[in-house]
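**Q** Structure supplied as protein_32.pdb; contents: PDB, C-alpha atoms, pLDDT in the B column.
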MODEL        1
ATOM      1  CA  MET A 251      -4.623 151.940 -59.338  1.00 72.00           C
ATOM      2  CA  ALA A 252      -6.861 148.842 -59.655  1.00 86.00           C
ATOM      3  CA  ALA A 253      -4.441 146.710 -57.600  1.00 91.00           C
ATOM      4  CA  GLU A 254      -4.310 149.368 -54.863  1.00 92.00           C
ATOM      5  CA  LEU A 255      -8.102 149.540 -54.833  1.00 91.00           C
ATOM      6  CA  VAL A 256      -8.386 145.749 -54.549  1.00 94.00           C
ATOM      7  CA  ASN A 257      -5.980 145.719 -51.587  1.00 94.00           C
ATOM      8  CA  GLU A 258      -7.871 148.504 -49.792  1.00 94.00           C
ATOM      9  CA  LEU A 259     -11.235 146.797 -50.351  1.00 95.00           C
ATOM     10  CA  LYS A 260      -9.876 143.530 -48.929  1.00 95.00           C
ATOM     11  CA  VAL A 261      -8.805 145.401 -45.802  1.00 94.00           C
ATOM     12  CA  LEU A 262     -12.151 147.207 -45.537  1.00 94.00           C
ATOM     13  CA  ARG A 263     -14.215 143.994 -45.677  1.00 93.00           C
ATOM     14  CA  LYS A 264     -12.612 142.639 -42.472  1.00 93.00           C
ATOM     15  CA  GLY A 265     -14.315 142.790 -39.080  1.00 92.00           C
ATOM     16  CA  ARG A 266     -17.559 144.757 -39.284  1.00 91.00           C
ATOM     17  CA  GLY A 267     -16.868 145.915 -42.832  1.00 92.00           C
ATOM     18  CA  LEU A 268     -18.411 149.313 -43.481  1.00 92.00           C
ATOM     19  CA  TYR A 269     -19.717 149.367 -39.914  1.00 92.00           C
ATOM     20  CA  ALA A 270     -16.262 149.377 -38.338  1.00 90.00           C
ATOM     21  CA  SER A 271     -16.048 151.959 -35.557  1.00 89.00           C
ATOM     22  CA  ARG A 272     -13.021 153.783 -37.038  1.00 90.00           C
ATOM     23  CA  ILE A 273     -14.211 153.879 -40.618  1.00 92.00           C
ATOM     24  CA  ALA A 274     -12.093 156.939 -41.477  1.00 92.00           C
ATOM     25  CA  GLU A 275      -8.924 154.947 -40.718  1.00 91.00           C
ATOM     26  CA  ARG A 276     -10.136 151.907 -42.697  1.00 92.00           C
ATOM     27  CA  VAL A 277     -10.970 153.737 -45.928  1.00 94.00           C
ATOM     28  CA  GLY A 278      -7.741 154.134 -47.904  1.00 93.00           C
ATOM     29  CA  PRO A 279      -6.772 156.828 -50.419  1.00 93.00           C
ATOM     30  CA  ALA A 280      -7.773 154.822 -53.511  1.00 92.00           C
ATOM     31  CA  ILE A 281     -11.287 154.189 -52.168  1.00 93.00           C
ATOM     32  CA  ARG A 282     -11.575 157.826 -51.088  1.00 92.00           C
ATOM     33  CA  ASP A 283     -10.602 158.964 -54.567  1.00 90.00           C
ATOM     34  CA  VAL A 284     -13.125 156.863 -56.494  1.00 89.00           C
ATOM     35  CA  SER A 285     -16.022 157.207 -54.015  1.00 88.00           C
ATOM     36  CA  GLY A 286     -15.731 160.972 -53.502  1.00 88.00           C
ATOM     37  CA  VAL A 287     -14.798 160.890 -49.800  1.00 91.00           C
ATOM     38  CA  ALA A 288     -13.279 164.196 -48.673  1.00 90.00           C
ATOM     39  CA  ASP A 289     -10.635 164.544 -45.960  1.00 88.00           C
ATOM     40  CA  ASP A 290     -13.025 166.392 -43.640  1.00 89.00           C
ATOM     41  CA  ASP A 291     -16.015 164.035 -44.080  1.00 90.00           C
ATOM     42  CA  ALA A 292     -17.546 162.730 -40.852  1.00 91.00           C
ATOM     43  CA  PRO A 293     -17.642 158.939 -40.290  1.00 91.00           C
ATOM     44  CA  GLY A 294     -21.337 158.738 -41.204  1.00 90.00           C
ATOM     45  CA  VAL A 295     -20.749 160.603 -44.454  1.00 91.00           C
ATOM     46  CA  ILE A 296     -17.778 158.372 -45.322  1.00 92.00           C
ATOM     47  CA  ARG A 297     -19.865 155.273 -44.668  1.00 92.00           C
ATOM     48  CA  ARG A 298     -22.737 156.596 -46.827  1.00 91.00           C
ATOM     49  CA  LYS A 299     -20.483 157.597 -49.732  1.00 92.00           C
ATOM     50  CA  VAL A 300     -18.582 154.309 -49.829  1.00 93.00           C
ATOM     51  CA  THR A 301     -21.812 152.307 -49.426  1.00 92.00           C
ATOM     52  CA  ASP A 302     -23.504 154.202 -52.253  1.00 90.00           C
ATOM     53  CA  TRP A 303     -20.447 153.773 -54.497  1.00 91.00           C
ATOM     54  CA  LEU A 304     -20.247 150.015 -53.847  1.00 92.00           C
ATOM     55  CA  GLU A 305     -24.008 149.540 -54.339  1.00 90.00           C
ATOM     56  CA  ARG A 306     -23.921 151.338 -57.668  1.00 88.00           C
ATOM     57  CA  LEU A 307     -21.012 149.251 -58.931  1.00 89.00           C
ATOM     58  CA  ALA A 308     -22.594 146.070 -57.570  1.00 88.00           C
ATOM     59  CA  ASP A 309     -25.603 146.735 -59.810  1.00 85.00           C
ATOM     60  CA  ALA A 310     -23.356 145.937 -62.801  1.00 86.00           C
ATOM     61  CA  LEU A 311     -22.356 142.515 -61.425  1.00 88.00           C
ATOM     62  CA  PRO A 312     -24.042 139.131 -61.913  1.00 89.00           C
ATOM     63  CA  ALA A 313     -26.538 138.356 -59.127  1.00 88.00           C
ATOM     64  CA  ASP A 314     -24.310 135.934 -57.175  1.00 90.00           C
ATOM     65  CA  LEU A 315     -21.336 138.324 -57.200  1.00 91.00           C
ATOM     66  CA  ARG A 316     -23.579 141.235 -56.227  1.00 91.00           C
ATOM     67  CA  ILE A 317     -24.928 139.350 -53.198  1.00 92.00           C
ATOM     68  CA  ALA A 318     -21.426 138.231 -52.220  1.00 93.00           C
ATOM     69  CA  LEU A 319     -20.058 141.779 -52.456  1.00 94.00           C
ATOM     70  CA  LEU A 320     -22.877 143.462 -50.513  1.00 93.00           C
ATOM     71  CA  ALA A 321     -22.699 140.804 -47.793  1.00 94.00           C
ATOM     72  CA  ALA A 322     -18.899 140.978 -47.536  1.00 95.00           C
ATOM     73  CA  PHE A 323     -19.001 144.675 -46.649  1.00 95.00           C
ATOM     74  CA  ALA A 324     -22.091 144.329 -44.390  1.00 93.00           C
ATOM     75  CA  ILE A 325     -24.149 146.575 -46.675  1.00 91.00           C
ATOM     76  CA  CYS A 326     -27.252 144.344 -46.534  1.00 84.00           C
ATOM     77  CA  ALA A 327     -29.147 144.892 -43.270  1.00 82.00           C
ATOM     78  CA  GLU A 328     -29.595 141.166 -42.587  1.00 84.00           C
ATOM     79  CA  VAL A 329     -25.842 140.540 -42.940  1.00 88.00           C
ATOM     80  CA  ARG A 330     -24.532 143.192 -40.542  1.00 89.00           C
ATOM     81  CA  LEU A 331     -22.710 140.525 -38.588  1.00 91.00           C
ATOM     82  CA  PRO A 332     -19.632 141.419 -36.519  1.00 91.00           C
ATOM     83  CA  LEU A 333     -17.180 139.096 -38.285  1.00 94.00           C
ATOM     84  CA  TYR A 334     -16.278 138.703 -41.952  1.00 94.00           C
ATOM     85  CA  GLN A 335     -16.340 134.904 -41.613  1.00 95.00           C
ATOM     86  CA  ASP A 336     -19.944 135.120 -40.324  1.00 94.00           C
ATOM     87  CA  ARG A 337     -20.942 137.099 -43.420  1.00 95.00           C
ATOM     88  CA  VAL A 338     -19.168 134.538 -45.612  1.00 95.00           C
ATOM     89  CA  GLY A 339     -21.152 131.811 -43.825  1.00 95.00           C
ATOM     90  CA  TRP A 340     -24.440 133.657 -44.383  1.00 93.00           C
ATOM     91  CA  THR A 341     -23.625 134.084 -48.073  1.00 93.00           C
ATOM     92  CA  ALA A 342     -22.659 130.416 -48.407  1.00 93.00           C
ATOM     93  CA  THR A 343     -26.054 129.405 -47.023  1.00 92.00           C
ATOM     94  CA  HIS A 344     -27.903 132.000 -49.120  1.00 88.00           C
ATOM     95  CA  LEU A 345     -26.178 130.976 -52.370  1.00 89.00           C
ATOM     96  CA  ASP A 346     -26.032 127.272 -51.443  1.00 91.00           C
ATOM     97  CA  ARG A 347     -22.265 127.208 -51.936  1.00 92.00           C
ATOM     98  CA  ASP A 348     -19.218 126.186 -49.920  1.00 94.00           C
ATOM     99  CA  PRO A 349     -17.583 129.016 -47.880  1.00 95.00           C
ATOM    100  CA  ARG A 350     -14.379 128.625 -49.930  1.00 95.00           C
ATOM    101  CA  THR A 351     -16.378 129.174 -53.113  1.00 95.00           C
ATOM    102  CA  VAL A 352     -18.000 132.253 -51.561  1.00 94.00           C
ATOM    103  CA  ARG A 353     -14.579 133.695 -50.662  1.00 95.00           C
ATOM    104  CA  ARG A 354     -13.520 133.258 -54.298  1.00 95.00           C
ATOM    105  CA  ARG A 355     -16.742 134.942 -55.460  1.00 95.00           C
ATOM    106  CA  ILE A 356     -16.114 137.873 -53.109  1.00 96.00           C
ATOM    107  CA  ASP A 357     -12.564 138.245 -54.437  1.00 96.00           C
ATOM    108  CA  GLU A 358     -13.906 138.052 -57.987  1.00 96.00           C
ATOM    109  CA  ALA A 359     -16.522 140.716 -57.218  1.00 94.00           C
ATOM    110  CA  ILE A 360     -13.871 142.988 -55.695  1.00 95.00           C
ATOM    111  CA  ASP A 361     -11.698 142.571 -58.814  1.00 94.00           C
ATOM    112  CA  HIS A 362     -14.647 143.503 -61.052  1.00 92.00           C
ATOM    113  CA  VAL A 363     -15.512 146.528 -58.895  1.00 92.00           C
ATOM    114  CA  ALA A 364     -11.908 147.759 -59.034  1.00 92.00           C
ATOM    115  CA  GLN A 365     -11.848 147.360 -62.819  1.00 90.00           C
ATOM    116  CA  LEU A 366     -15.153 149.197 -63.240  1.00 88.00           C
ATOM    117  CA  ALA A 367     -14.087 151.983 -60.884  1.00 87.00           C
ATOM    118  CA  THR A 368     -10.719 152.566 -62.540  1.00 84.00           C
ATOM    119  CA  ALA A 369     -12.344 152.524 -65.983  1.00 79.00           C
ATOM    120  CA  GLY A 370     -14.733 155.260 -64.849  1.00 66.00           C
ATOM    121  CA  ALA A 371     -17.701 152.958 -65.431  1.00 53.00           C
ATOM    122  CA  LEU A 372     -19.880 153.981 -62.486  1.00 53.00           C
ATOM    123  CA  PRO A 373     -23.470 153.215 -63.500  1.00 50.00           C
ATOM    124  CA  PRO A 374     -25.614 156.360 -63.416  1.00 46.00           C
ATOM    125  CA  ARG A 375     -28.630 156.618 -61.164  1.00 46.00           C
ATOM    126  CA  ALA A 376     -31.064 158.132 -63.609  1.00 41.00           C
ATOM    127  CA  ALA A 377     -33.999 157.945 -61.220  1.00 43.00           C
ATOM    128  CA  ALA A 378     -32.048 159.755 -58.506  1.00 46.00           C
ATOM    129  CA  ALA A 379     -31.180 162.576 -60.887  1.00 47.00           C
ATOM    130  CA  GLU A 380     -34.857 163.021 -61.771  1.00 57.00           C
ATOM    131  CA  THR A 381     -36.409 162.574 -58.333  1.00 63.00           C
ATOM    132  CA  GLY A 382     -33.711 163.582 -55.847  1.00 69.00           C
ATOM    133  CA  TRP A 383     -33.835 160.185 -54.097  1.00 73.00           C
ATOM    134  CA  HIS A 384     -33.306 156.485 -54.727  1.00 69.00           C
ATOM    135  CA  THR A 385     -34.351 153.189 -53.181  1.00 71.00           C
ATOM    136  CA  ALA A 386     -31.342 151.595 -51.518  1.00 70.00           C
ATOM    137  CA  GLU A 387     -33.207 148.516 -50.313  1.00 72.00           C
ATOM    138  CA  LEU A 388     -36.624 147.014 -51.025  1.00 70.00           C
ATOM    139  CA  ARG A 389     -38.244 144.058 -49.280  1.00 75.00           C
ATOM    140  CA  MET A 390     -41.649 142.718 -50.183  1.00 74.00           C
ATOM    141  CA  MET A 391     -43.978 140.261 -48.496  1.00 78.00           C
ATOM    142  CA  LEU A 392     -47.086 138.878 -50.187  1.00 76.00           C
ATOM    143  CA  VAL A 393     -50.063 137.590 -48.197  1.00 81.00           C
ATOM    144  CA  LEU A 394     -52.152 135.393 -50.481  1.00 80.00           C
ATOM    145  CA  ASP A 395     -54.288 133.422 -48.017  1.00 84.00           C
ATOM    146  CA  ARG A 396     -56.830 136.198 -47.398  1.00 81.00           C
ATOM    147  CA  VAL A 397     -60.000 137.211 -49.201  1.00 81.00           C
ATOM    148  CA  ARG A 398     -58.060 140.129 -50.700  1.00 78.00           C
ATOM    149  CA  PRO A 399     -54.321 139.567 -51.333  1.00 77.00           C
ATOM    150  CA  GLU A 400     -51.987 142.015 -49.623  1.00 80.00           C
ATOM    151  CA  ALA A 401     -48.494 143.223 -50.486  1.00 78.00           C
ATOM    152  CA  VAL A 402     -46.304 144.747 -47.773  1.00 80.00           C
ATOM    153  CA  GLU A 403     -43.277 146.725 -48.952  1.00 80.00           C
ATOM    154  CA  GLN A 404     -40.439 147.940 -46.768  1.00 79.00           C
ATOM    155  CA  ARG A 405     -38.156 150.465 -48.437  1.00 79.00           C
ATOM    156  CA  ARG A 406     -34.963 152.168 -47.370  1.00 78.00           C
ATOM    157  CA  ILE A 407     -34.926 155.483 -49.203  1.00 78.00           C
ATOM    158  CA  VAL A 408     -31.762 157.574 -49.564  1.00 76.00           C
ATOM    159  CA  SER A 409     -32.061 161.265 -50.317  1.00 74.00           C
ATOM    160  CA  ASP A 410     -29.720 162.629 -52.991  1.00 70.00           C
ATOM    161  CA  GLN A 411     -30.550 166.254 -52.182  1.00 71.00           C
ATOM    162  CA  ASP A 412     -31.015 168.471 -49.160  1.00 72.00           C
ATOM    163  CA  ASP A 413     -34.466 169.157 -47.690  1.00 76.00           C
ATOM    164  CA  LEU A 414     -36.303 166.329 -49.443  1.00 77.00           C
ATOM    165  CA  THR A 415     -39.894 166.462 -48.129  1.00 81.00           C
ATOM    166  CA  GLU A 416     -41.921 164.116 -50.306  1.00 82.00           C
ATOM    167  CA  LEU A 417     -41.633 161.028 -52.501  1.00 78.00           C
ATOM    168  CA  ASP A 418     -43.673 160.009 -55.510  1.00 76.00           C
ATOM    169  CA  LEU A 419     -43.821 156.204 -55.421  1.00 72.00           C
ATOM    170  CA  ALA A 420     -45.284 154.186 -58.285  1.00 66.00           C
ATOM    171  CA  VAL A 421     -46.978 150.876 -57.551  1.00 63.00           C
ATOM    172  CA  THR A 422     -48.103 148.396 -60.199  1.00 56.00           C
ATOM    173  CA  ARG A 423     -51.246 146.412 -59.471  1.00 57.00           C
ATOM    174  CA  ALA A 424     -53.121 143.642 -61.181  1.00 52.00           C
ATOM    175  CA  VAL A 425     -56.828 144.427 -61.268  1.00 50.00           C
ATOM    176  CA  VAL A 426     -59.030 141.473 -60.398  1.00 48.00           C
ATOM    177  CA  SER A 427     -62.421 141.936 -62.063  1.00 47.00           C
ATOM    178  CA  SER A 428     -64.377 140.681 -59.038  1.00 50.00           C
ATOM    179  CA  ASP A 429     -62.614 143.063 -56.591  1.00 52.00           C
ATOM    180  CA  PRO A 430     -61.129 146.187 -58.164  1.00 56.00           C
ATOM    181  CA  ALA A 431     -60.632 147.921 -54.776  1.00 64.00           C
ATOM    182  CA  PHE A 432     -57.128 149.141 -54.059  1.00 68.00           C
ATOM    183  CA  GLU A 433     -55.896 150.533 -50.733  1.00 77.00           C
ATOM    184  CA  VAL A 434     -52.548 151.971 -49.682  1.00 79.00           C
ATOM    185  CA  ASP A 435     -51.440 152.436 -46.068  1.00 81.00           C
ATOM    186  CA  VAL A 436     -48.162 153.798 -44.670  1.00 82.00           C
ATOM    187  CA  PHE A 437     -47.102 152.041 -41.463  1.00 81.00           C
ATOM    188  CA  TYR A 438     -44.169 154.263 -40.488  1.00 78.00           C
ATOM    189  CA  GLY A 439     -41.599 156.733 -41.787  1.00 79.00           C
ATOM    190  CA  GLY A 440     -43.981 159.089 -43.561  1.00 80.00           C
ATOM    191  CA  THR A 441     -47.501 160.286 -44.208  1.00 83.00           C
ATOM    192  CA  LEU A 442     -49.613 159.358 -47.215  1.00 80.00           C
ATOM    193  CA  ALA A 443     -50.477 162.550 -49.087  1.00 79.00           C
ATOM    194  CA  GLY A 444     -52.679 160.922 -51.707  1.00 76.00           C
ATOM    195  CA  VAL A 445     -53.179 158.084 -54.167  1.00 73.00           C
ATOM    196  CA  ALA A 446     -53.571 158.628 -57.888  1.00 68.00           C
ATOM    197  CA  ILE A 447     -54.724 155.592 -59.879  1.00 62.00           C
ATOM    198  CA  SER A 448     -54.039 155.548 -63.587  1.00 54.00           C
TER     199      SER A 448
ENDMDL
END
Turn the structure described in the file into structure tokens.
**A**
Amino acid sequence: MAAELVNELKVLRKGRGLYASRIAERVGPAIRDVSGVADDDAPGVIRRKVTDWLERLADALPADLRIALLAAFAICAEVRLPLYQDRVGWTATHLDRDPRTVRRRIDEAIDHVAQLATAGALPPRAAAAETGWHTAELRMMLVLDRVRPEAVEQRRIVSDQDDLTELDLAVTRAVVSSDPAFEVDVFYGGTLAGVAIS
């Protein structure tokens, strides 16, 4: 089973990876089995299920293998390049490694993922079970050259339940004695219902 899964993942990473136009034809029976893809799932659902499955398994990998795996399948937004070799090139630059080394790291990551999947070792998403959602991607920018430092967060939230209408986000702050003020603004994608400071 692990060998079949490795072969299917190596086919899936080609071209646009998970963003291939005929994703249903690219996802083989072994991947479908371990990621929960049903025969009647629409392309968008297939893409979401396989992406979620790979992200969860990638969380168990060392940082360099995790980056290599997510880039190989075009899961990271900044690496949604049309060709596999372009994603290998991006990863080589990002990890400061030779492209041949990156290809070996990707193969190593795929082997680990197949072993974890066939051993039934899918890491649980405890937060998703409690909240009904999880953060799939988080980017942060700090602005430190102003009178009051600012942090800008961009999150990609994935709902794990139907009809999700609100999120409870926790933010940690360091209180500076000379300026204890704290403000939160939402730029897009939602409406701020309130801020509770504890």
**Q** Output as a tab-separated table one row per residue of stretch 329-416 of chain A within 8 Å of stretch 258-281 of chain A: the closest atom pair and its distance in Å to one decimal place, counting only C-alpha atoms, sorted by chain and residue number ascending.
**A**
residue	atom	partner	partner_atom	distance
A:Arg330	CA	A:Arg266	CA	7.3
A:Leu331	CA	A:Arg266	CA	6.7
A:Pro332	CA	A:Arg266	CA	4.8
A:Leu333	CA	A:Gly265	CA	4.7
A:Tyr334	CA	A:Gly265	CA	5.4
A:Ile360	CA	A:Leu259	CA	7.1
**Q** I'd like to know which of A:Arg282, A:Glu433, A:Ala401, A:Met251 is closest to A:Ile296, using only C-alpha atoms.
**A**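 Using only C-alpha atoms, the shortest distance to A:Ile296 belongs to A:Arg282.
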**Q** A:Thr343, A:Gln411, A:Thr385, A:Gln404: which is nearest A:Glu305, counting all atoms listed in the file?
**A**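 Among A:Thr343, A:Gln411, A:Thr385, A:Gln404, it is A:Thr385 that comes nearest to A:Glu305.
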**Q** Let me make sure I understand: among A:Leu414, A:Val338, A:Ala386, A:Met391, which one has the smallest atom-to-atom distance to A:Cys326 if we use all atoms listed in the file?
**A**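 Selected residue with least distance to A:Cys326: A:Ala386.
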**Q** For A:Arg353, which of A:Val402, A:Val408, A:Ala369, A:Ala321 is the closest residue, counting all atoms listed in the file?
**A**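 The closest residue to A:Arg353 is A:Ala321.
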**Q** Which residue, A:Leu392, A:Leu255, A:Val445, A:Ala364, has the smallest gap to A:Leu307 when you use only C-alpha atoms?
**A** A:Ala364
**Q** Exactly which residues make up the result of the PyMOL selection byres ((chain A and resi 355) around 10) on this file, given as a list in words?
**A**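 Answer for the PyMOL selection byres ((chain A and resi 355) around 10): Asp314, Leu315, Arg316, Ile317, Ala318, Leu319, Pro349, Arg350, Thr351, Val352, Arg353, Arg354, Ile356, Asp357, Glu358, Ala359, Ile360 and Asp361 of chain A.
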**Q** Could you please determine the separation between atom CA of A:Leu417 and atom CA of A:Arg398 in Å, to one decimal place?
**A**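 So the two atoms, atom CA of A:Leu417 and atom CA of A:Arg398, lie 26.6 Å apart.
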**Q** Counting only C-alpha atoms, figure out which residue out of A:Val393, A:Ile407, A:Leu419, A:Ala367 gets nearest to A:Ala253.
**A**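 Closest residue, counting only C-alpha atoms: A:Ala367.
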